[in-house]
file target.cif (mmCIF, N, CA and C atoms)
data_final
#
loop_
_atom_site.label_atom_id
_atom_site.label_comp_id
_atom_site.auth_asym_id
_atom_site.auth_seq_id
_atom_site.Cartn_x
_atom_site.Cartn_y
_atom_site.Cartn_z
N MET A 14 -6.00 -67.96 14.82
CA MET A 14 -6.47 -67.57 16.14
C MET A 14 -6.23 -66.06 16.37
N LEU A 15 -5.02 -65.62 16.03
CA LEU A 15 -4.67 -64.21 16.22
C LEU A 15 -5.52 -63.34 15.28
N LEU A 16 -5.78 -63.83 14.08
CA LEU A 16 -6.60 -63.10 13.12
C LEU A 16 -8.04 -62.97 13.62
N GLN A 17 -8.57 -63.99 14.26
CA GLN A 17 -9.93 -63.93 14.80
C GLN A 17 -10.03 -62.90 15.92
N LYS A 18 -9.02 -62.82 16.77
CA LYS A 18 -9.02 -61.82 17.85
C LYS A 18 -8.96 -60.41 17.27
N ALA A 19 -8.18 -60.22 16.25
CA ALA A 19 -8.07 -58.90 15.62
C ALA A 19 -9.40 -58.50 14.99
N ARG A 20 -10.06 -59.44 14.31
CA ARG A 20 -11.37 -59.16 13.72
C ARG A 20 -12.39 -58.81 14.79
N LYS A 21 -12.34 -59.53 15.89
CA LYS A 21 -13.28 -59.27 16.98
C LYS A 21 -13.05 -57.88 17.57
N ARG A 22 -11.81 -57.48 17.75
CA ARG A 22 -11.50 -56.15 18.27
C ARG A 22 -11.96 -55.06 17.30
N ILE A 23 -11.74 -55.26 16.02
CA ILE A 23 -12.18 -54.28 15.02
C ILE A 23 -13.69 -54.15 15.04
N LEU A 24 -14.39 -55.24 15.17
CA LEU A 24 -15.85 -55.22 15.23
C LEU A 24 -16.32 -54.46 16.47
N ILE A 25 -15.70 -54.71 17.60
CA ILE A 25 -16.08 -54.02 18.84
C ILE A 25 -15.80 -52.52 18.72
N ILE A 26 -14.65 -52.16 18.17
CA ILE A 26 -14.31 -50.74 17.99
C ILE A 26 -15.33 -50.08 17.06
N GLY A 27 -15.71 -50.77 16.00
CA GLY A 27 -16.71 -50.23 15.07
C GLY A 27 -18.06 -50.03 15.74
N LEU A 28 -18.47 -50.99 16.54
CA LEU A 28 -19.76 -50.87 17.24
C LEU A 28 -19.73 -49.72 18.24
N VAL A 29 -18.63 -49.55 18.93
CA VAL A 29 -18.49 -48.44 19.88
C VAL A 29 -18.55 -47.10 19.13
N ALA A 30 -17.90 -47.02 17.98
CA ALA A 30 -17.93 -45.78 17.19
C ALA A 30 -19.33 -45.46 16.71
N VAL A 31 -20.06 -46.46 16.26
CA VAL A 31 -21.45 -46.24 15.81
C VAL A 31 -22.31 -45.80 16.99
N ALA A 32 -22.16 -46.45 18.13
CA ALA A 32 -22.94 -46.08 19.31
C ALA A 32 -22.63 -44.65 19.74
N ALA A 33 -21.36 -44.26 19.68
CA ALA A 33 -20.98 -42.89 20.05
C ALA A 33 -21.59 -41.89 19.07
N ALA A 34 -21.61 -42.21 17.79
CA ALA A 34 -22.21 -41.31 16.80
C ALA A 34 -23.70 -41.16 17.03
N VAL A 35 -24.38 -42.24 17.33
CA VAL A 35 -25.83 -42.18 17.59
C VAL A 35 -26.10 -41.35 18.84
N LEU A 36 -25.34 -41.55 19.89
CA LEU A 36 -25.52 -40.76 21.11
C LEU A 36 -25.25 -39.29 20.85
N CYS A 37 -24.25 -39.01 20.04
CA CYS A 37 -23.93 -37.62 19.70
C CYS A 37 -25.10 -36.98 18.97
N LEU A 38 -25.70 -37.67 18.03
CA LEU A 38 -26.86 -37.13 17.30
C LEU A 38 -28.05 -36.92 18.22
N ILE A 39 -28.26 -37.86 19.13
CA ILE A 39 -29.41 -37.76 20.04
C ILE A 39 -29.25 -36.59 21.00
N PHE A 40 -28.06 -36.43 21.57
CA PHE A 40 -27.88 -35.44 22.63
C PHE A 40 -27.35 -34.09 22.14
N VAL A 41 -26.63 -34.04 21.05
CA VAL A 41 -26.05 -32.79 20.60
C VAL A 41 -26.94 -32.09 19.58
N HIS A 42 -27.48 -32.82 18.63
CA HIS A 42 -28.25 -32.21 17.55
C HIS A 42 -29.41 -31.34 18.03
N PRO A 43 -30.22 -31.76 18.99
CA PRO A 43 -31.30 -30.88 19.44
C PRO A 43 -30.80 -29.57 20.03
N HIS A 44 -29.57 -29.57 20.54
CA HIS A 44 -29.04 -28.35 21.13
C HIS A 44 -28.51 -27.39 20.08
N LEU A 45 -28.24 -27.89 18.87
CA LEU A 45 -27.79 -27.01 17.81
C LEU A 45 -28.93 -26.13 17.31
N PHE A 46 -30.12 -26.70 17.23
CA PHE A 46 -31.29 -25.98 16.74
C PHE A 46 -32.47 -26.21 17.69
N PRO A 47 -32.47 -25.57 18.85
CA PRO A 47 -33.56 -25.80 19.80
C PRO A 47 -34.91 -25.40 19.21
N ALA A 48 -35.91 -26.22 19.44
CA ALA A 48 -37.25 -25.97 18.92
C ALA A 48 -37.88 -24.74 19.53
N ASN A 49 -37.49 -24.38 20.75
CA ASN A 49 -38.12 -23.25 21.43
C ASN A 49 -37.54 -21.91 21.00
N GLU A 50 -36.65 -21.88 20.00
CA GLU A 50 -36.09 -20.62 19.53
C GLU A 50 -36.80 -20.12 18.28
N THR A 51 -38.08 -20.38 18.18
CA THR A 51 -38.86 -19.89 17.06
C THR A 51 -39.01 -18.38 17.20
N PRO A 52 -38.76 -17.63 16.13
CA PRO A 52 -38.85 -16.18 16.24
C PRO A 52 -40.28 -15.74 16.50
N ALA A 53 -40.40 -14.64 17.22
CA ALA A 53 -41.72 -14.08 17.49
C ALA A 53 -42.31 -13.55 16.20
N ALA A 54 -43.63 -13.54 16.11
CA ALA A 54 -44.31 -13.10 14.89
C ALA A 54 -44.02 -11.63 14.60
N THR A 55 -43.67 -10.87 15.62
CA THR A 55 -43.43 -9.44 15.42
C THR A 55 -41.97 -9.13 15.08
N ALA A 56 -41.10 -10.13 15.12
CA ALA A 56 -39.69 -9.89 14.86
C ALA A 56 -39.46 -9.68 13.37
N GLU A 57 -38.47 -8.85 13.04
CA GLU A 57 -38.10 -8.66 11.65
C GLU A 57 -37.39 -9.91 11.16
N PRO A 58 -37.54 -10.26 9.88
CA PRO A 58 -36.86 -11.43 9.37
C PRO A 58 -35.34 -11.28 9.47
N SER A 59 -34.67 -12.36 9.74
CA SER A 59 -33.21 -12.39 9.77
C SER A 59 -32.80 -13.77 9.31
N ALA A 60 -31.50 -13.97 9.09
CA ALA A 60 -31.02 -15.29 8.67
C ALA A 60 -31.43 -16.34 9.70
N ALA A 61 -31.31 -16.00 10.98
CA ALA A 61 -31.68 -16.94 12.04
C ALA A 61 -33.18 -17.20 12.03
N ALA A 62 -33.97 -16.13 11.82
CA ALA A 62 -35.42 -16.30 11.80
C ALA A 62 -35.86 -17.14 10.61
N LEU A 63 -35.12 -17.06 9.51
CA LEU A 63 -35.43 -17.88 8.34
C LEU A 63 -35.01 -19.33 8.55
N GLY A 64 -34.15 -19.55 9.55
CA GLY A 64 -33.67 -20.90 9.83
C GLY A 64 -32.36 -21.21 9.15
N LEU A 65 -31.61 -20.19 8.77
CA LEU A 65 -30.36 -20.39 8.06
C LEU A 65 -29.15 -20.14 8.96
N VAL A 66 -28.16 -20.98 8.81
CA VAL A 66 -26.84 -20.74 9.39
C VAL A 66 -25.93 -20.60 8.18
N VAL A 67 -25.37 -19.41 7.97
CA VAL A 67 -24.59 -19.13 6.77
C VAL A 67 -23.17 -18.74 7.14
N GLN A 68 -22.28 -18.85 6.15
CA GLN A 68 -20.88 -18.48 6.34
C GLN A 68 -20.39 -17.76 5.09
N ASP A 69 -19.70 -16.65 5.29
CA ASP A 69 -19.08 -15.94 4.18
C ASP A 69 -17.92 -16.78 3.65
N THR A 70 -17.85 -16.95 2.34
CA THR A 70 -16.72 -17.64 1.71
C THR A 70 -16.26 -16.81 0.52
N ASP A 71 -15.14 -17.19 -0.06
CA ASP A 71 -14.64 -16.51 -1.25
C ASP A 71 -15.58 -16.72 -2.44
N ASN A 72 -16.37 -17.79 -2.40
CA ASN A 72 -17.29 -18.11 -3.50
C ASN A 72 -18.69 -17.58 -3.27
N GLY A 73 -18.94 -16.90 -2.16
CA GLY A 73 -20.27 -16.39 -1.87
C GLY A 73 -20.75 -16.81 -0.50
N LEU A 74 -22.03 -16.68 -0.28
CA LEU A 74 -22.64 -16.99 1.01
C LEU A 74 -23.04 -18.46 1.04
N TYR A 75 -22.34 -19.24 1.86
CA TYR A 75 -22.52 -20.68 1.94
C TYR A 75 -23.51 -21.03 3.04
N VAL A 76 -24.48 -21.90 2.74
CA VAL A 76 -25.46 -22.34 3.72
C VAL A 76 -24.88 -23.54 4.47
N LEU A 77 -24.51 -23.30 5.73
CA LEU A 77 -23.95 -24.38 6.56
C LEU A 77 -25.03 -25.34 7.04
N ALA A 78 -26.17 -24.77 7.45
CA ALA A 78 -27.24 -25.60 8.00
C ALA A 78 -28.57 -24.90 7.82
N VAL A 79 -29.62 -25.70 7.79
CA VAL A 79 -30.99 -25.20 7.70
C VAL A 79 -31.78 -25.86 8.82
N ARG A 80 -32.36 -25.03 9.68
CA ARG A 80 -33.11 -25.57 10.81
C ARG A 80 -34.37 -26.28 10.32
N GLU A 81 -34.58 -27.48 10.80
CA GLU A 81 -35.73 -28.29 10.40
C GLU A 81 -37.04 -27.58 10.75
N GLY A 82 -37.95 -27.52 9.78
CA GLY A 82 -39.25 -26.90 9.99
C GLY A 82 -39.27 -25.39 9.82
N SER A 83 -38.12 -24.79 9.52
CA SER A 83 -38.04 -23.33 9.35
C SER A 83 -38.58 -22.93 7.98
N ALA A 84 -38.72 -21.63 7.77
CA ALA A 84 -39.20 -21.11 6.48
C ALA A 84 -38.27 -21.55 5.34
N ALA A 85 -36.97 -21.48 5.57
CA ALA A 85 -36.01 -21.88 4.54
C ALA A 85 -36.10 -23.38 4.27
N ASP A 86 -36.26 -24.17 5.29
CA ASP A 86 -36.38 -25.63 5.14
C ASP A 86 -37.64 -25.97 4.34
N LEU A 87 -38.76 -25.36 4.71
CA LEU A 87 -40.02 -25.63 4.02
C LEU A 87 -39.97 -25.20 2.55
N ALA A 88 -39.16 -24.19 2.25
CA ALA A 88 -39.03 -23.72 0.87
C ALA A 88 -38.09 -24.61 0.05
N GLY A 89 -37.24 -25.38 0.73
CA GLY A 89 -36.34 -26.28 0.02
C GLY A 89 -34.89 -25.88 0.01
N VAL A 90 -34.51 -24.89 0.81
CA VAL A 90 -33.10 -24.52 0.92
C VAL A 90 -32.38 -25.67 1.63
N ARG A 91 -31.19 -26.03 1.15
CA ARG A 91 -30.45 -27.15 1.73
C ARG A 91 -29.06 -26.70 2.18
N SER A 92 -28.54 -27.38 3.18
CA SER A 92 -27.15 -27.10 3.54
C SER A 92 -26.29 -27.50 2.35
N GLY A 93 -25.26 -26.71 2.09
CA GLY A 93 -24.41 -26.93 0.93
C GLY A 93 -24.75 -26.01 -0.23
N ASP A 94 -25.91 -25.34 -0.17
CA ASP A 94 -26.27 -24.37 -1.20
C ASP A 94 -25.44 -23.10 -1.02
N TYR A 95 -25.28 -22.35 -2.10
CA TYR A 95 -24.72 -21.00 -2.05
C TYR A 95 -25.85 -20.04 -2.35
N LEU A 96 -26.06 -19.07 -1.49
CA LEU A 96 -27.10 -18.06 -1.69
C LEU A 96 -26.51 -16.96 -2.57
N LEU A 97 -27.10 -16.79 -3.76
CA LEU A 97 -26.58 -15.82 -4.72
C LEU A 97 -27.29 -14.48 -4.63
N SER A 98 -28.63 -14.51 -4.50
CA SER A 98 -29.37 -13.25 -4.45
C SER A 98 -30.68 -13.42 -3.70
N VAL A 99 -31.20 -12.29 -3.23
CA VAL A 99 -32.50 -12.22 -2.56
C VAL A 99 -33.32 -11.18 -3.31
N ASP A 100 -34.43 -11.62 -3.86
CA ASP A 100 -35.30 -10.74 -4.66
C ASP A 100 -34.53 -9.98 -5.73
N GLY A 101 -33.57 -10.65 -6.35
CA GLY A 101 -32.80 -10.05 -7.44
C GLY A 101 -31.59 -9.26 -7.02
N ASP A 102 -31.42 -9.01 -5.73
CA ASP A 102 -30.25 -8.28 -5.23
C ASP A 102 -29.16 -9.26 -4.83
N THR A 103 -27.98 -9.10 -5.41
CA THR A 103 -26.86 -9.99 -5.13
C THR A 103 -26.48 -9.93 -3.66
N VAL A 104 -26.17 -11.10 -3.10
CA VAL A 104 -25.76 -11.18 -1.70
C VAL A 104 -24.47 -12.00 -1.63
N ALA A 105 -23.45 -11.46 -0.95
CA ALA A 105 -22.16 -12.15 -0.85
C ALA A 105 -21.72 -12.39 0.58
N THR A 106 -22.34 -11.66 1.54
CA THR A 106 -21.94 -11.82 2.94
C THR A 106 -23.19 -11.92 3.81
N ALA A 107 -23.00 -12.37 5.03
CA ALA A 107 -24.12 -12.47 5.98
C ALA A 107 -24.68 -11.09 6.29
N ASP A 108 -23.82 -10.07 6.36
CA ASP A 108 -24.29 -8.71 6.62
C ASP A 108 -25.17 -8.21 5.47
N GLU A 109 -24.78 -8.52 4.24
CA GLU A 109 -25.59 -8.13 3.09
C GLU A 109 -26.94 -8.84 3.13
N LEU A 110 -26.94 -10.11 3.52
CA LEU A 110 -28.20 -10.84 3.63
C LEU A 110 -29.12 -10.17 4.63
N GLU A 111 -28.58 -9.83 5.80
CA GLU A 111 -29.39 -9.17 6.83
C GLU A 111 -29.95 -7.85 6.32
N SER A 112 -29.14 -7.09 5.56
CA SER A 112 -29.61 -5.79 5.07
C SER A 112 -30.66 -5.93 3.97
N LEU A 113 -30.64 -7.06 3.25
CA LEU A 113 -31.60 -7.26 2.16
C LEU A 113 -32.93 -7.83 2.63
N LEU A 114 -32.96 -8.40 3.83
CA LEU A 114 -34.21 -8.96 4.33
C LEU A 114 -35.16 -7.82 4.69
N PRO A 115 -36.40 -7.92 4.27
CA PRO A 115 -37.33 -6.82 4.46
C PRO A 115 -37.81 -6.70 5.90
N GLU A 116 -38.32 -5.54 6.21
CA GLU A 116 -38.98 -5.38 7.50
C GLU A 116 -40.36 -6.01 7.37
N GLN A 117 -41.11 -5.99 8.44
CA GLN A 117 -42.42 -6.63 8.43
C GLN A 117 -43.29 -6.15 7.28
N GLY A 118 -44.18 -7.01 6.85
CA GLY A 118 -45.13 -6.65 5.82
C GLY A 118 -44.97 -7.51 4.57
N LYS A 119 -43.74 -7.87 4.23
CA LYS A 119 -43.53 -8.71 3.06
C LYS A 119 -43.69 -10.17 3.45
N GLU A 120 -44.36 -10.93 2.60
CA GLU A 120 -44.67 -12.31 2.95
C GLU A 120 -43.76 -13.33 2.27
N GLN A 121 -43.12 -12.96 1.14
CA GLN A 121 -42.30 -13.92 0.42
C GLN A 121 -41.01 -13.28 -0.07
N LEU A 122 -39.97 -14.11 -0.17
CA LEU A 122 -38.69 -13.71 -0.74
C LEU A 122 -38.33 -14.70 -1.83
N THR A 123 -37.65 -14.24 -2.85
CA THR A 123 -37.17 -15.13 -3.90
C THR A 123 -35.66 -15.26 -3.75
N PHE A 124 -35.21 -16.49 -3.51
CA PHE A 124 -33.79 -16.77 -3.36
C PHE A 124 -33.27 -17.39 -4.65
N ALA A 125 -32.14 -16.92 -5.13
CA ALA A 125 -31.40 -17.59 -6.20
C ALA A 125 -30.25 -18.32 -5.52
N LEU A 126 -30.20 -19.62 -5.73
CA LEU A 126 -29.21 -20.47 -5.08
C LEU A 126 -28.35 -21.16 -6.12
N LEU A 127 -27.14 -21.49 -5.74
CA LEU A 127 -26.28 -22.33 -6.56
C LEU A 127 -26.22 -23.68 -5.87
N ARG A 128 -26.70 -24.71 -6.55
CA ARG A 128 -26.74 -26.06 -5.98
C ARG A 128 -26.12 -27.03 -6.98
N TYR A 129 -25.03 -27.64 -6.60
CA TYR A 129 -24.33 -28.59 -7.48
C TYR A 129 -24.04 -27.99 -8.86
N GLY A 130 -23.65 -26.72 -8.88
CA GLY A 130 -23.28 -26.07 -10.11
C GLY A 130 -24.43 -25.51 -10.94
N ALA A 131 -25.66 -25.75 -10.53
CA ALA A 131 -26.83 -25.25 -11.26
C ALA A 131 -27.55 -24.19 -10.42
N GLU A 132 -28.06 -23.16 -11.09
CA GLU A 132 -28.80 -22.13 -10.38
C GLU A 132 -30.24 -22.59 -10.16
N VAL A 133 -30.72 -22.41 -8.93
CA VAL A 133 -32.06 -22.80 -8.54
C VAL A 133 -32.75 -21.57 -7.93
N THR A 134 -34.01 -21.37 -8.30
CA THR A 134 -34.78 -20.27 -7.73
C THR A 134 -35.84 -20.85 -6.80
N ILE A 135 -35.91 -20.31 -5.57
CA ILE A 135 -36.82 -20.80 -4.55
C ILE A 135 -37.56 -19.63 -3.94
N THR A 136 -38.85 -19.81 -3.70
CA THR A 136 -39.64 -18.79 -3.02
C THR A 136 -39.79 -19.19 -1.55
N VAL A 137 -39.37 -18.30 -0.66
CA VAL A 137 -39.42 -18.55 0.78
C VAL A 137 -40.57 -17.73 1.35
N THR A 138 -41.50 -18.41 1.99
CA THR A 138 -42.62 -17.73 2.66
C THR A 138 -42.19 -17.40 4.08
N LEU A 139 -42.24 -16.13 4.42
CA LEU A 139 -41.76 -15.67 5.73
C LEU A 139 -42.72 -16.09 6.83
N PRO A 140 -42.16 -16.30 8.03
CA PRO A 140 -42.99 -16.69 9.17
C PRO A 140 -43.88 -15.56 9.65
#
call {"tool": "encode", "arguments": {"input": "target.cif", "output": "structure tokens"}}
result
Amino acid sequence: MLLQKARKRILIIGLVAVAAAVLCLIFVHPHLFPANETPAATAEPSAAALGLVVQDTDNGLYVLAVREGSAADLAGVRSGDYLLSVDGDTVATADELESLLPEQGKEQLTFALLRYGAEVTITVTLP
């Protein structure tokens, strides 16, 4: 009898946790990457305009998140990747990434990424 009550409580706690996670995804996730923050066509490319959220680490520039539908997302950049270079120029920090992104006029960038220990080359078409 006592074991059945304990199982029932664990099941209820689990269901509440799942419901809380679903609500968090529904209400918080859209606020992390609002759809109305699309960069203007006249803006210079930047990490944010590409749809990247990056963090400097001791191992290089780590991709924390990629905004859904962004240029980086459409090219295949994934969260968890390490950005190694842009058009052949090594990049180690977010500031270096910003300085390597071209001003208007260029339509594509070539990213060298480290993904699961293997180097991957991706072409990103700018917005």
call {"tool": "resolve_selection", "arguments": {"input": "target.cif", "expression": "the PyMOL selection byres (((chain A and resi 74-87 and name CA) around 7) and name CA)", "output": "PyMOL selection string"}}
result
chain A and resi 46+63-70+73+88-96+105-107+137-140
call {"tool": "write_last_selection", "arguments": {"input": "target.cif", "atoms": "N, CA and C atoms", "output": "compact mmCIF listing (two decimals), in the coordinates of the input"}}
result
# COMPACT_ATOMS: atom_id res chain seq x y z
N PHE A 46 -30.12 -26.70 17.23
CA PHE A 46 -31.29 -25.98 16.74
C PHE A 46 -32.47 -26.21 17.69
N LEU A 63 -35.12 -17.06 9.51
CA LEU A 63 -35.43 -17.88 8.34
C LEU A 63 -35.01 -19.33 8.55
N GLY A 64 -34.15 -19.55 9.55
CA GLY A 64 -33.67 -20.90 9.83
C GLY A 64 -32.36 -21.21 9.15
N LEU A 65 -31.61 -20.19 8.77
CA LEU A 65 -30.36 -20.39 8.06
C LEU A 65 -29.15 -20.14 8.96
N VAL A 66 -28.16 -20.98 8.81
CA VAL A 66 -26.84 -20.74 9.39
C VAL A 66 -25.93 -20.60 8.18
N VAL A 67 -25.37 -19.41 7.97
CA VAL A 67 -24.59 -19.13 6.77
C VAL A 67 -23.17 -18.74 7.14
N GLN A 68 -22.28 -18.85 6.15
CA GLN A 68 -20.88 -18.48 6.34
C GLN A 68 -20.39 -17.76 5.09
N ASP A 69 -19.70 -16.65 5.29
CA ASP A 69 -19.08 -15.94 4.18
C ASP A 69 -17.92 -16.78 3.65
N THR A 70 -17.85 -16.95 2.34
CA THR A 70 -16.72 -17.64 1.71
C THR A 70 -16.26 -16.81 0.52
N GLY A 73 -18.94 -16.90 -2.16
CA GLY A 73 -20.27 -16.39 -1.87
C GLY A 73 -20.75 -16.81 -0.50
N ALA A 88 -39.16 -24.19 2.25
CA ALA A 88 -39.03 -23.72 0.87
C ALA A 88 -38.09 -24.61 0.05
N GLY A 89 -37.24 -25.38 0.73
CA GLY A 89 -36.34 -26.28 0.02
C GLY A 89 -34.89 -25.88 0.01
N VAL A 90 -34.51 -24.89 0.81
CA VAL A 90 -33.10 -24.52 0.92
C VAL A 90 -32.38 -25.67 1.63
N ARG A 91 -31.19 -26.03 1.15
CA ARG A 91 -30.45 -27.15 1.73
C ARG A 91 -29.06 -26.70 2.18
N SER A 92 -28.54 -27.38 3.18
CA SER A 92 -27.15 -27.10 3.54
C SER A 92 -26.29 -27.50 2.35
N GLY A 93 -25.26 -26.71 2.09
CA GLY A 93 -24.41 -26.93 0.93
C GLY A 93 -24.75 -26.01 -0.23
N ASP A 94 -25.91 -25.34 -0.17
CA ASP A 94 -26.27 -24.37 -1.20
C ASP A 94 -25.44 -23.10 -1.02
N TYR A 95 -25.28 -22.35 -2.10
CA TYR A 95 -24.72 -21.00 -2.05
C TYR A 95 -25.85 -20.04 -2.35
N LEU A 96 -26.06 -19.07 -1.49
CA LEU A 96 -27.10 -18.06 -1.69
C LEU A 96 -26.51 -16.96 -2.57
N ALA A 105 -23.45 -11.46 -0.95
CA ALA A 105 -22.16 -12.15 -0.85
C ALA A 105 -21.72 -12.39 0.58
N THR A 106 -22.34 -11.66 1.54
CA THR A 106 -21.94 -11.82 2.94
C THR A 106 -23.19 -11.92 3.81
N ALA A 107 -23.00 -12.37 5.03
CA ALA A 107 -24.12 -12.47 5.98
C ALA A 107 -24.68 -11.09 6.29
N VAL A 137 -39.37 -18.30 -0.66
CA VAL A 137 -39.42 -18.55 0.78
C VAL A 137 -40.57 -17.73 1.35
N THR A 138 -41.50 -18.41 1.99
CA THR A 138 -42.62 -17.73 2.66
C THR A 138 -42.19 -17.40 4.08
N LEU A 139 -42.24 -16.13 4.42
CA LEU A 139 -41.76 -15.67 5.73
C LEU A 139 -42.72 -16.09 6.83
N PRO A 140 -42.16 -16.30 8.03
CA PRO A 140 -42.99 -16.69 9.17
C PRO A 140 -43.88 -15.56 9.65
call {"tool": "atom_distance", "arguments": {"input": "target.cif", "atom1": "atom C of A:Ala30", "atom2": "atom C of A:Met14"}}
result
24.4 Å
call {"tool": "residues_around", "arguments": {"input": "target.cif", "residues": "stretch 132-135 of chain A", "least_positions_apart": "3", "cutoff": "6.5 Å", "atoms": "all atoms listed in the file", "output": "list of chain:residue names"}}
result
A:Ala88, A:Leu122, A:Thr123, A:Phe124, A:Ala125, A:Leu126, A:Leu127, A:Arg128
call {"tool": "atom_distance", "arguments": {"input": "target.cif", "atom1": "atom N of A:Thr136", "atom2": "atom C of A:Asp71"}}
result
23.5 Å
call {"tool": "axis_aligned_box", "arguments": {"input": "target.cif", "around": "stretch 100-110 of chain A", "padding_each_side": "5 Å", "output": "lines of an AutoDock Vina configuration file"}}
result
center_x = -28.5
center_y = -10.3
center_z = -0.4
size_x = 23.6
size_y = 14.3
size_z = 24.1
call {"tool": "select_by_dssp", "arguments": {"input": "target.cif", "residues": "stretch 71-109 of chain A", "states": "strand (DSSP E or B)", "output": "list in words"}}
result
Gly73, Leu74, Tyr75, Val76, Leu77, Ala78, Val79, Tyr95, Leu96, Leu97, Ser98, Val99, Asp102 and Thr103 of chain A
